[in-house]
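The next block is coords-v2.tsv, given as TSV, C-alpha atoms.
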```
chain	number	residue	atom	x	y	z
O	20	MET	CA	-3.60	13.00	12.62
O	21	ASN	CA	-3.44	9.55	14.05
O	22	GLN	CA	-0.04	8.22	12.94
O	23	TRP	CA	-1.09	4.58	12.92
O	24	LYS	CA	-3.98	5.33	10.60
O	25	ASN	CA	-1.66	7.46	8.56
O	26	PHE	CA	0.67	4.49	8.22
O	27	THR	CA	-1.87	1.79	7.43
O	28	LYS	CA	-3.80	3.74	4.82
O	29	GLY	CA	-0.98	3.09	2.34
O	30	LEU	CA	-1.20	-0.65	2.83
O	31	ILE	CA	-4.76	-1.30	1.67
O	32	LYS	CA	-7.20	1.62	1.74
O	33	GLU	CA	-5.04	3.94	-0.35
O	34	ASN	CA	-2.63	1.36	-1.69
O	35	PRO	CA	-0.72	3.22	-4.41
O	36	ILE	CA	-0.90	0.37	-6.91
O	37	LEU	CA	-4.18	-1.38	-6.25
O	38	VAL	CA	-6.36	1.56	-5.33
O	39	LEU	CA	-4.71	4.78	-6.52
O	40	VAL	CA	-3.31	2.95	-9.58
O	41	LEU	CA	-0.14	5.01	-9.69
O	42	GLY	CA	3.23	3.82	-10.90
O	43	THR	CA	1.92	0.86	-12.86
O	44	CYS	CA	4.69	0.85	-15.46
O	45	PRO	CA	7.38	-0.61	-13.18
O	46	THR	CA	4.69	-2.72	-11.52
O	47	LEU	CA	3.84	-4.56	-14.70
O	48	ALA	CA	7.42	-4.77	-15.89
O	49	VAL	CA	9.46	-5.89	-12.89
O	50	THR	CA	7.12	-8.26	-11.08
O	51	THR	CA	8.32	-11.33	-12.94
O	52	SER	CA	9.62	-12.72	-9.67
O	53	ALA	CA	9.01	-12.14	-5.98
O	54	VAL	CA	12.57	-10.99	-5.35
O	55	ASN	CA	12.37	-8.39	-8.10
O	56	GLY	CA	9.08	-7.08	-6.75
O	57	LEU	CA	10.44	-6.83	-3.23
O	58	GLY	CA	13.68	-5.16	-4.36
O	59	MET	CA	11.83	-2.62	-6.45
O	60	GLY	CA	9.34	-1.99	-3.65
O	61	LEU	CA	12.01	-1.38	-1.04
O	62	ALA	CA	14.04	0.87	-3.34
O	63	THR	CA	10.94	2.96	-3.96
O	64	THR	CA	10.15	3.02	-0.22
O	65	PHE	CA	13.60	4.45	0.49
O	66	VAL	CA	13.13	7.18	-2.11
O	67	LEU	CA	9.61	7.96	-0.88
O	68	VAL	CA	10.62	8.28	2.76
O	69	MET	CA	13.71	10.37	2.09
O	70	SER	CA	12.06	12.71	-0.39
O	71	ASN	CA	9.01	13.11	1.88
O	72	ILE	CA	11.29	14.06	4.79
O	73	PHE	CA	13.25	16.59	2.76
O	74	ILE	CA	10.24	18.13	1.11
O	75	SER	CA	8.32	18.54	4.34
O	76	LEU	CA	11.40	20.10	5.93
O	77	LEU	CA	11.78	22.56	3.09
O	78	LYS	CA	8.11	23.19	2.37
O	79	ASN	CA	8.20	26.72	3.76
O	80	LEU	CA	11.32	27.64	1.80
O	81	ILE	CA	10.15	26.38	-1.56
O	82	SER	CA	7.75	28.81	-3.18
O	83	ASP	CA	4.93	27.42	-5.28
O	84	ASN	CA	6.45	28.52	-8.57
O	85	ILE	CA	9.52	26.36	-8.27
O	86	ARG	CA	8.14	23.45	-6.31
O	87	ILE	CA	8.10	20.94	-9.17
O	88	PRO	CA	11.76	21.44	-10.20
O	89	ALA	CA	12.78	21.46	-6.54
O	90	TYR	CA	10.93	18.18	-5.88
O	91	ILE	CA	12.38	16.58	-8.96
O	92	VAL	CA	15.93	17.53	-7.96
O	93	ILE	CA	15.42	16.03	-4.51
O	94	ILE	CA	13.77	12.87	-5.80
O	95	ALA	CA	16.36	12.39	-8.54
O	96	ALA	CA	19.20	12.74	-6.05
O	97	PHE	CA	17.80	9.99	-3.83
O	98	VAL	CA	17.08	7.73	-6.77
O	99	THR	CA	20.70	8.08	-7.91
O	100	ILE	CA	21.86	7.31	-4.38
O	101	ILE	CA	19.84	4.10	-4.14
O	102	ASP	CA	20.95	3.20	-7.67
O	103	LEU	CA	24.64	3.53	-6.74
O	104	VAL	CA	24.20	1.73	-3.42
O	105	MET	CA	22.40	-1.21	-5.03
O	106	GLN	CA	25.03	-1.40	-7.75
O	107	ALA	CA	27.71	-1.64	-5.10
O	108	TYR	CA	26.12	-3.98	-2.58
O	109	LEU	CA	23.26	-5.81	-4.33
O	110	PRO	CA	24.57	-6.22	-7.89
O	111	ASP	CA	22.32	-9.19	-8.73
O	112	ILE	CA	19.03	-7.47	-7.92
O	113	HIS	CA	20.28	-4.28	-9.50
O	114	GLU	CA	20.93	-6.14	-12.71
O	115	SER	CA	17.52	-7.74	-12.92
O	116	LEU	CA	15.73	-4.46	-12.16
O	117	GLY	CA	17.89	-2.67	-14.70
O	118	ILE	CA	16.41	0.51	-16.10
O	119	PHE	CA	13.51	0.56	-13.64
O	120	ILE	CA	15.64	1.82	-10.75
O	121	PRO	CA	16.55	5.13	-12.48
O	122	LEU	CA	12.93	5.32	-13.64
O	123	ILE	CA	11.72	5.68	-10.03
O	124	VAL	CA	12.39	9.39	-10.68
O	125	VAL	CA	9.33	9.61	-12.87
O	126	ASN	CA	7.23	7.28	-10.74
O	127	CYS	CA	3.98	9.12	-10.07
O	128	ILE	CA	3.76	7.82	-6.52
O	129	VAL	CA	6.85	9.69	-5.37
O	130	LEU	CA	5.93	13.03	-6.88
O	131	GLY	CA	2.28	12.42	-6.01
O	132	ARG	CA	3.03	12.00	-2.30
O	133	ALA	CA	5.33	15.03	-2.34
O	134	GLU	CA	2.62	17.13	-3.89
O	135	ALA	CA	-0.39	15.71	-2.06
O	136	PHE	CA	1.05	15.08	1.38
O	137	ALA	CA	4.60	16.13	2.22
O	138	ASN	CA	4.21	19.80	1.33
O	139	LYS	CA	1.19	20.14	3.62
O	140	ASN	CA	2.20	18.08	6.64
O	141	ASN	CA	4.96	18.00	9.23
O	142	VAL	CA	8.09	15.87	9.08
O	143	LEU	CA	6.83	13.02	11.27
O	144	SER	CA	3.55	12.58	9.41
O	145	SER	CA	5.36	12.77	6.08
O	146	THR	CA	7.87	10.12	7.12
O	147	VAL	CA	5.10	7.81	8.27
O	148	ASP	CA	3.15	8.49	5.09
O	149	GLY	CA	6.17	7.73	2.94
O	150	LEU	CA	6.83	4.53	4.85
O	151	GLY	CA	3.22	3.38	4.62
O	152	MET	CA	2.89	4.18	0.94
O	153	GLY	CA	6.27	2.63	0.16
O	154	LEU	CA	5.49	-0.57	2.03
O	155	GLY	CA	2.07	-0.72	0.40
O	156	PHE	CA	3.81	-0.47	-2.96
O	157	ALA	CA	6.35	-3.12	-1.92
O	158	LEU	CA	3.58	-5.39	-0.64
O	159	ALA	CA	1.57	-5.15	-3.85
O	160	LEU	CA	4.68	-5.76	-5.96
O	161	THR	CA	5.84	-8.71	-3.88
O	162	VAL	CA	2.43	-10.36	-3.93
O	163	MET	CA	2.19	-9.83	-7.69
O	164	GLY	CA	5.74	-11.08	-8.20
O	165	SER	CA	5.06	-14.14	-6.05
O	166	ILE	CA	1.90	-15.09	-7.91
O	167	ARG	CA	3.57	-14.67	-11.28
O	168	GLU	CA	6.63	-16.59	-10.16
O	169	ILE	CA	4.59	-19.44	-8.67
O	170	LEU	CA	2.38	-19.84	-11.72
O	171	GLY	CA	4.93	-18.96	-14.36
O	172	SER	CA	8.19	-20.52	-13.16
O	173	LEU	CA	6.99	-22.94	-10.45
O	174	SER	CA	9.28	-21.33	-7.91
O	175	ILE	CA	9.06	-18.85	-5.07
O	176	PHE	CA	11.82	-16.38	-4.12
O	177	GLY	CA	14.06	-18.30	-6.50
O	178	TYR	CA	13.39	-21.64	-4.80
O	179	LYS	CA	11.98	-24.15	-7.24
O	180	PHE	CA	9.29	-26.34	-5.71
O	181	ALA	CA	8.30	-28.41	-8.74
O	182	GLU	CA	9.92	-29.62	-11.91
O	183	GLY	CA	8.99	-28.52	-15.38
O	184	ASP	CA	7.71	-25.33	-16.94
O	185	GLY	CA	4.93	-23.24	-15.45
O	186	ILE	CA	2.20	-21.37	-17.26
O	187	LEU	CA	4.41	-19.21	-19.42
O	188	ILE	CA	1.90	-16.43	-19.97
O	189	PHE	CA	2.25	-15.34	-16.35
O	190	VAL	CA	5.89	-14.50	-16.84
O	191	LEU	CA	5.09	-12.41	-19.91
O	192	ALA	CA	3.34	-9.05	-20.07
O	193	PRO	CA	-0.24	-10.33	-20.51
O	194	GLY	CA	0.12	-12.34	-17.31
O	195	ALA	CA	1.05	-9.15	-15.50
O	196	PHE	CA	-2.23	-7.55	-16.56
O	197	ILE	CA	-4.26	-10.60	-15.56
O	198	VAL	CA	-2.72	-10.79	-12.07
O	199	PHE	CA	-2.99	-7.03	-11.69
O	200	GLY	CA	-6.71	-7.12	-12.50
O	201	PHE	CA	-7.46	-9.88	-10.01
O	202	LEU	CA	-5.46	-8.17	-7.27
O	203	MET	CA	-7.32	-4.92	-7.84
O	204	ALA	CA	-10.62	-6.75	-7.55
O	205	ILE	CA	-9.53	-8.37	-4.28
O	206	ALA	CA	-8.38	-5.02	-2.88
O	207	GLN	CA	-11.77	-3.46	-3.75
O	208	LYS	CA	-13.55	-6.31	-2.01
O	209	LEU	CA	-11.43	-5.87	1.11
O	210	ILE	CA	-12.14	-2.14	1.23
O	211	LYS	CA	-15.87	-2.54	0.70
O	212	LYS	CA	-16.08	-5.02	3.57
O	213	LYS	CA	-14.81	-2.38	5.99
F	30	MET	CA	13.38	31.72	-5.51
F	31	ILE	CA	16.50	31.24	-7.58
F	32	ILE	CA	18.58	31.12	-4.43
F	33	VAL	CA	16.39	28.43	-2.89
F	34	LEU	CA	16.49	26.28	-6.00
F	35	GLY	CA	20.23	26.82	-6.32
F	36	LEU	CA	20.70	25.88	-2.70
F	37	ILE	CA	18.67	22.69	-2.99
F	38	THR	CA	20.60	21.71	-6.09
F	39	ALA	CA	23.90	22.42	-4.35
F	40	ILE	CA	22.98	20.35	-1.27
F	41	MET	CA	21.86	17.43	-3.40
F	42	GLY	CA	25.01	17.75	-5.48
F	43	VAL	CA	27.20	17.47	-2.41
F	44	LEU	CA	25.19	14.49	-1.16
F	45	LEU	CA	25.49	12.74	-4.51
F	46	GLY	CA	29.21	13.41	-4.68
F	47	TYR	CA	29.66	11.86	-1.28
F	48	VAL	CA	27.68	8.72	-2.09
F	49	TYR	CA	29.46	8.40	-5.43
F	50	ASN	CA	32.83	8.46	-3.67
F	51	VAL	CA	31.78	5.88	-1.12
F	52	THR	CA	30.32	3.46	-3.66
F	53	LYS	CA	32.87	3.95	-6.45
F	54	ASP	CA	35.33	1.31	-5.25
F	55	PRO	CA	32.77	-1.38	-4.34
F	56	ILE	CA	31.10	-0.96	-7.74
F	57	ALA	CA	34.40	-1.28	-9.61
F	58	ALA	CA	35.32	-4.28	-7.46
F	59	VAL	CA	31.99	-5.99	-8.14
F	60	GLN	CA	32.38	-5.53	-11.87
F	61	LYS	CA	35.97	-6.71	-11.95
F	62	GLU	CA	35.11	-9.68	-9.78
F	63	LYS	CA	32.33	-10.63	-12.15
F	64	ILE	CA	34.61	-10.51	-15.19
F	65	ASN	CA	37.32	-12.48	-13.38
F	66	LYS	CA	34.87	-15.11	-12.23
F	67	ALA	CA	33.57	-15.49	-15.76
F	68	ILE	CA	37.11	-15.87	-17.15
F	69	GLN	CA	37.90	-18.54	-14.57
F	70	GLU	CA	34.72	-20.31	-15.49
F	71	VAL	CA	35.28	-20.39	-19.23
F	72	VAL	CA	39.05	-21.04	-19.22
F	73	PRO	CA	39.68	-23.12	-16.11
F	74	GLY	CA	43.17	-23.81	-14.82
F	75	PHE	CA	45.21	-20.78	-15.92
F	76	ASP	CA	47.69	-19.17	-13.55
F	77	SER	CA	48.24	-15.79	-15.13
F	78	LEU	CA	46.27	-13.46	-17.31
F	79	SER	CA	47.36	-10.97	-19.95
F	80	GLU	CA	46.19	-7.41	-19.84
F	81	SER	CA	42.86	-7.23	-21.63
F	82	TYR	CA	42.99	-5.92	-25.18
F	83	ARG	CA	40.35	-4.99	-27.72
F	84	VAL	CA	39.93	-6.71	-31.07
F	85	ALA	CA	37.71	-5.34	-33.79
F	86	ALA	CA	34.63	-7.41	-34.55
F	87	LEU	CA	34.35	-8.33	-38.21
F	88	ASN	CA	30.85	-7.11	-38.93
F	89	ASP	CA	30.16	-4.60	-36.22
F	90	PRO	CA	31.64	-1.21	-35.33
F	91	ASP	CA	32.14	-2.31	-31.74
F	92	SER	CA	35.11	-4.34	-30.58
F	93	LEU	CA	35.49	-7.41	-28.39
F	94	THR	CA	37.62	-7.71	-25.28
F	95	PHE	CA	40.23	-10.49	-25.22
F	96	PHE	CA	41.92	-11.94	-22.15
F	97	ASP	CA	44.82	-14.32	-22.91
F	98	CYS	CA	45.29	-17.00	-20.29
F	99	TYR	CA	48.68	-18.54	-19.53
F	100	LYS	CA	49.77	-21.57	-17.57
F	101	ASN	CA	53.46	-21.82	-16.62
F	102	GLY	CA	54.16	-19.02	-19.06
F	103	GLU	CA	52.54	-20.83	-21.98
F	104	TRP	CA	49.42	-19.62	-23.77
F	105	MET	CA	46.63	-22.06	-23.00
F	106	GLY	CA	43.52	-20.27	-24.10
F	107	THR	CA	41.70	-17.00	-24.48
F	108	ALA	CA	38.56	-15.68	-22.88
F	109	VAL	CA	36.60	-13.41	-25.19
F	110	GLU	CA	33.94	-11.02	-23.99
F	111	THR	CA	31.47	-10.94	-26.84
F	112	PHE	CA	28.01	-9.54	-27.43
F	113	ASP	CA	25.00	-9.43	-29.68
F	114	LYS	CA	22.69	-6.47	-29.92
F	115	ASN	CA	19.67	-8.33	-31.25
F	116	GLY	CA	18.58	-10.47	-28.37
F	117	PHE	CA	14.87	-10.64	-27.67
F	118	SER	CA	15.30	-7.64	-25.33
F	119	GLY	CA	18.38	-6.00	-26.75
F	120	LEU	CA	22.01	-6.41	-25.79
F	121	ILE	CA	23.40	-9.67	-24.46
F	122	LYS	CA	26.99	-10.08	-23.28
F	123	ILE	CA	28.70	-13.43	-23.15
F	124	MET	CA	32.12	-14.62	-22.07
F	125	VAL	CA	33.46	-17.49	-24.12
F	126	GLY	CA	36.68	-19.43	-23.62
F	127	PHE	CA	38.68	-20.87	-26.54
F	128	ASN	CA	41.57	-23.27	-26.20
F	129	THR	CA	44.63	-23.02	-28.45
F	130	ASN	CA	42.90	-25.07	-31.17
F	131	GLY	CA	39.97	-22.70	-31.28
F	132	ASP	CA	37.62	-25.17	-29.58
F	133	ILE	CA	35.04	-23.64	-27.27
F	134	ILE	CA	35.89	-24.60	-23.70
F	135	LYS	CA	32.85	-23.12	-22.04
F	136	THR	CA	30.53	-20.14	-22.26
F	137	ALA	CA	29.07	-17.95	-19.54
F	138	THR	CA	26.43	-15.25	-19.73
F	139	LEU	CA	27.54	-11.87	-18.39
F	140	LYS	CA	24.52	-9.72	-19.09
F	141	HIS	CA	21.14	-10.20	-20.67
F	142	SER	CA	17.58	-8.90	-20.34
F	143	GLU	CA	15.83	-11.86	-21.92
F	144	THR	CA	12.39	-13.01	-20.82
F	145	PRO	CA	12.43	-14.76	-17.43
F	146	GLY	CA	11.56	-18.43	-17.83
F	147	LEU	CA	12.29	-18.38	-21.58
F	148	GLY	CA	15.32	-16.66	-23.06
F	149	GLU	CA	16.73	-16.40	-19.56
F	150	LYS	CA	17.67	-20.07	-19.88
F	151	MET	CA	20.72	-19.02	-21.88
F	152	ASP	CA	22.30	-18.42	-18.48
F	153	ASN	CA	24.12	-21.62	-17.57
F	154	LYS	CA	22.72	-21.43	-14.05
F	155	LYS	CA	19.19	-21.72	-15.40
F	156	SER	CA	19.47	-24.50	-17.97
F	157	ASP	CA	22.05	-26.60	-19.76
F	158	PHE	CA	21.48	-24.85	-23.09
F	159	SER	CA	24.99	-23.39	-23.12
F	160	ALA	CA	26.58	-26.75	-22.24
F	161	GLN	CA	26.11	-28.00	-25.81
F	162	PHE	CA	28.82	-25.63	-27.04
F	163	SER	CA	31.52	-27.02	-24.78
F	164	GLY	CA	34.26	-28.82	-26.65
F	165	LYS	CA	32.90	-27.88	-30.06
F	166	ASN	CA	34.97	-26.20	-32.75
F	167	PRO	CA	32.94	-23.61	-34.66
F	168	ASP	CA	34.71	-24.66	-37.89
F	169	THR	CA	32.97	-28.02	-37.76
F	170	PHE	CA	30.04	-27.22	-35.47
F	171	LYS	CA	27.72	-24.89	-37.30
F	172	LEU	CA	26.77	-22.08	-34.94
F	173	THR	CA	23.17	-21.58	-35.96
F	174	VAL	CA	20.01	-23.11	-34.55
F	175	LYS	CA	18.58	-26.26	-36.17
F	176	LYS	CA	15.64	-24.31	-37.52
F	177	ASP	CA	18.09	-22.27	-39.61
F	178	GLY	CA	20.04	-25.32	-40.76
F	179	GLY	CA	22.66	-25.32	-38.02
F	180	GLU	CA	23.46	-27.74	-35.25
F	181	VAL	CA	22.41	-25.87	-32.13
F	182	ASP	CA	19.39	-27.03	-30.12
F	183	ALA	CA	17.53	-23.79	-29.47
F	184	ILE	CA	15.88	-23.01	-26.15
F	185	THR	CA	12.21	-23.98	-26.36
F	186	ALA	CA	10.09	-20.93	-27.23
F	187	ALA	CA	13.16	-18.69	-27.28
F	188	THR	CA	14.57	-19.02	-30.78
F	189	ILE	CA	15.44	-15.33	-31.01
F	190	SER	CA	17.47	-15.47	-27.81
F	191	SER	CA	19.17	-18.65	-29.02
F	192	ARG	CA	20.03	-17.03	-32.34
F	193	ALA	CA	21.53	-14.04	-30.58
F	194	TYR	CA	23.59	-16.39	-28.43
F	195	CYS	CA	24.90	-18.22	-31.51
F	196	ARG	CA	25.68	-14.96	-33.30
F	197	SER	CA	27.65	-13.65	-30.35
F	198	LEU	CA	29.68	-16.89	-30.17
F	199	ASP	CA	30.30	-16.79	-33.90
F	200	ARG	CA	31.40	-13.18	-33.63
F	201	ALA	CA	33.86	-14.13	-30.90
F	202	TYR	CA	35.20	-17.04	-32.94
F	203	GLN	CA	35.68	-14.99	-36.12
F	204	ALA	CA	37.57	-12.34	-34.19
F	205	PHE	CA	39.58	-15.00	-32.37
F	206	LYS	CA	40.55	-16.67	-35.65
F	207	ALA	CA	41.52	-13.37	-37.22
F	208	GLN	CA	43.55	-12.40	-34.17
F	209	LYS	CA	45.34	-15.67	-33.59
F	210	GLY	CA	45.81	-16.55	-37.27
F	211	GLY	CA	43.71	-19.67	-37.35
F	212	VAL	CA	44.82	-22.57	-35.20
F	213	GLN	CA	48.19	-23.25	-33.72
```
Full structure transcribed into structure tokens:
Amino acid sequence: MNQWKNFTKGLIKENPILVLVLGTCPTLAVTTSAVNGLGMGLATTFVLVMSNIFISLLKNLISDNIRIPAYIVIIAAFVTIIDLVMQAYLPDIHESLGIFIPLIVVNCIVLGRAEAFANKNNVLSSTVDGLGMGLGFALALTVMGSIREILGSLSIFGYKFAEGDGILIFVLAPGAFIVFGFLMAIAQKLIKKK
Amino acid sequence: MIIVLGLITAIMGVLLGYVYNVTKDPIAAVQKEKINKAIQEVVPGFDSLSESYRVAALNDPDSLTFFDCYKNGEWMGTAVETFDKNGFSGLIKIMVGFNTNGDIIKTATLKHSETPGLGEKMDNKKSDFSAQFSGKNPDTFKLTVKKDGGEVDAITAATISSRAYCRSLDRAYQAFKAQKGGVQ
């Protein structure tokens, strides 16, 4: 398979959030600011890439009957690793993401890619797939976080560009749904054009 | 099958153990640093610190952590790590400094999960909400929001967060008074 195509499919055509609509719980919850979205996206990318690599390496060893527990063990281990590392070196982002870092374990994207891609393809393709999907996830989250931060708090990446309060609803849960809906529509439009 | 699963678990266990060992010290350092910074913020100008000790909260099973601050060997104030469990999104943790008279020197937010843009303003980096407590004595300054008949200006559209903040300060003050026997 063409690796470039393999990589870019995660960005728009099969974007995990906007097209596959997987892993929306953290998406709606953490995208209150651009930094949060980016942090969450990159943490998930790390887990996706590492678990894809391991699972594609071990795909011949793991029999079908035990594949789900085996995947979960692998995924959970990497989530704990990124959790500890962020706690140690990026305490501020870790704090604002809070419970959603450990919850990457149950994020459908990670298990979905393990099941749908990594256990059928070789290590290189799986790495590229994990990277593409992860960055697609990070991109969607960062864009969503930016829009909500701009409209809701009148700032971008923590830098305030105007005085006063923004449109508060965009910081709250309903705003997340509104932005999410519009982004999905835009993604559909982009795909249709091609 | 069992062997494979056991093997995977064992490998991941070793990996986790390794990462845990590497990150253990930085994590502890970050947390200690944060507490120390907060103490310095709420009780400025001390030169030595007592060992922390726990004091029972009056109306909660949990206890508060006290740090006595000394200057030239004399007690000059106490930093109290206090909390309230009923913020808009659960637990909030606040560090508050009292001088020897029981006046609030300053407050700093240690941990909260309040709504960004609203309750988040309790953090003194985000708004000057917490500045209104500085220099006030809770005996004369009623620690409830104006809506409830107190003297605290609540954060706009975040009354629940403001109430939690006031409750946590009041909890700290009650424990402080009980511990230090009123004022000196």
Open item on the list: List as a list in words the protein and nucleic acid residues near Gly102 (chain F), meaning an atom at most 12 Å away when all atoms listed in the file are counted, but skip any in the same chain fewer than 6 places from it.
Closed with: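 Once the nearby chain positions are removed, what remains is Phe75, Asp76, Ser77, Leu78 and Ser79 of chain F.
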TODO: Identify, on the basis of all atoms listed in the file, every residue whose closest approach to Phe96 (chain F) does not exceed 12 Å; exclude the query and any residue fewer than 3 positions from it along the same chain; express the result as JSON, numbers by chain.
DONE: {"F": [64, 65, 67, 68, 69, 71, 72, 75, 77, 78, 79, 80, 81, 82, 83, 84, 93, 99, 104, 105, 106, 107, 108, 109, 110, 111, 124, 125, 126, 127, 205]}
Task: Residue neighbourhood Leu143 (chain O), 10 Å, all atoms listed in the file, exclusion window fewer than 5 positions, as a PyMOL selection string - done: chain O and resi 22+71-72+75-76+137+148-149
- [ ] Quick one: residues within 9 Å of (31.0, -11.5, -32.1) (file frame), counting all atoms listed in the file, please, as a ChimeraX atom specification.
- [x] /F:86-89,92-93,110-113,196-204
Open item on the list: Within 8 Å of chain F, which residues belong to chain O? Use only C-alpha atoms and report them as a PyMOL selection string.
Closed with: chain O and resi 51+80-82+85+88-89+92-93+96+99-100+103-104+106-108+110+115+171-172+184+187+190-191
Open item on the list: Set the distance at 6 Å and use all atoms listed in the file: which residues neighbour Gly60 (chain O) once local chain neighbours fewer than 3 positions away are removed? I'd like the list as a ChimeraX atom specification.
Closed with: /O:56-57,63,156-157
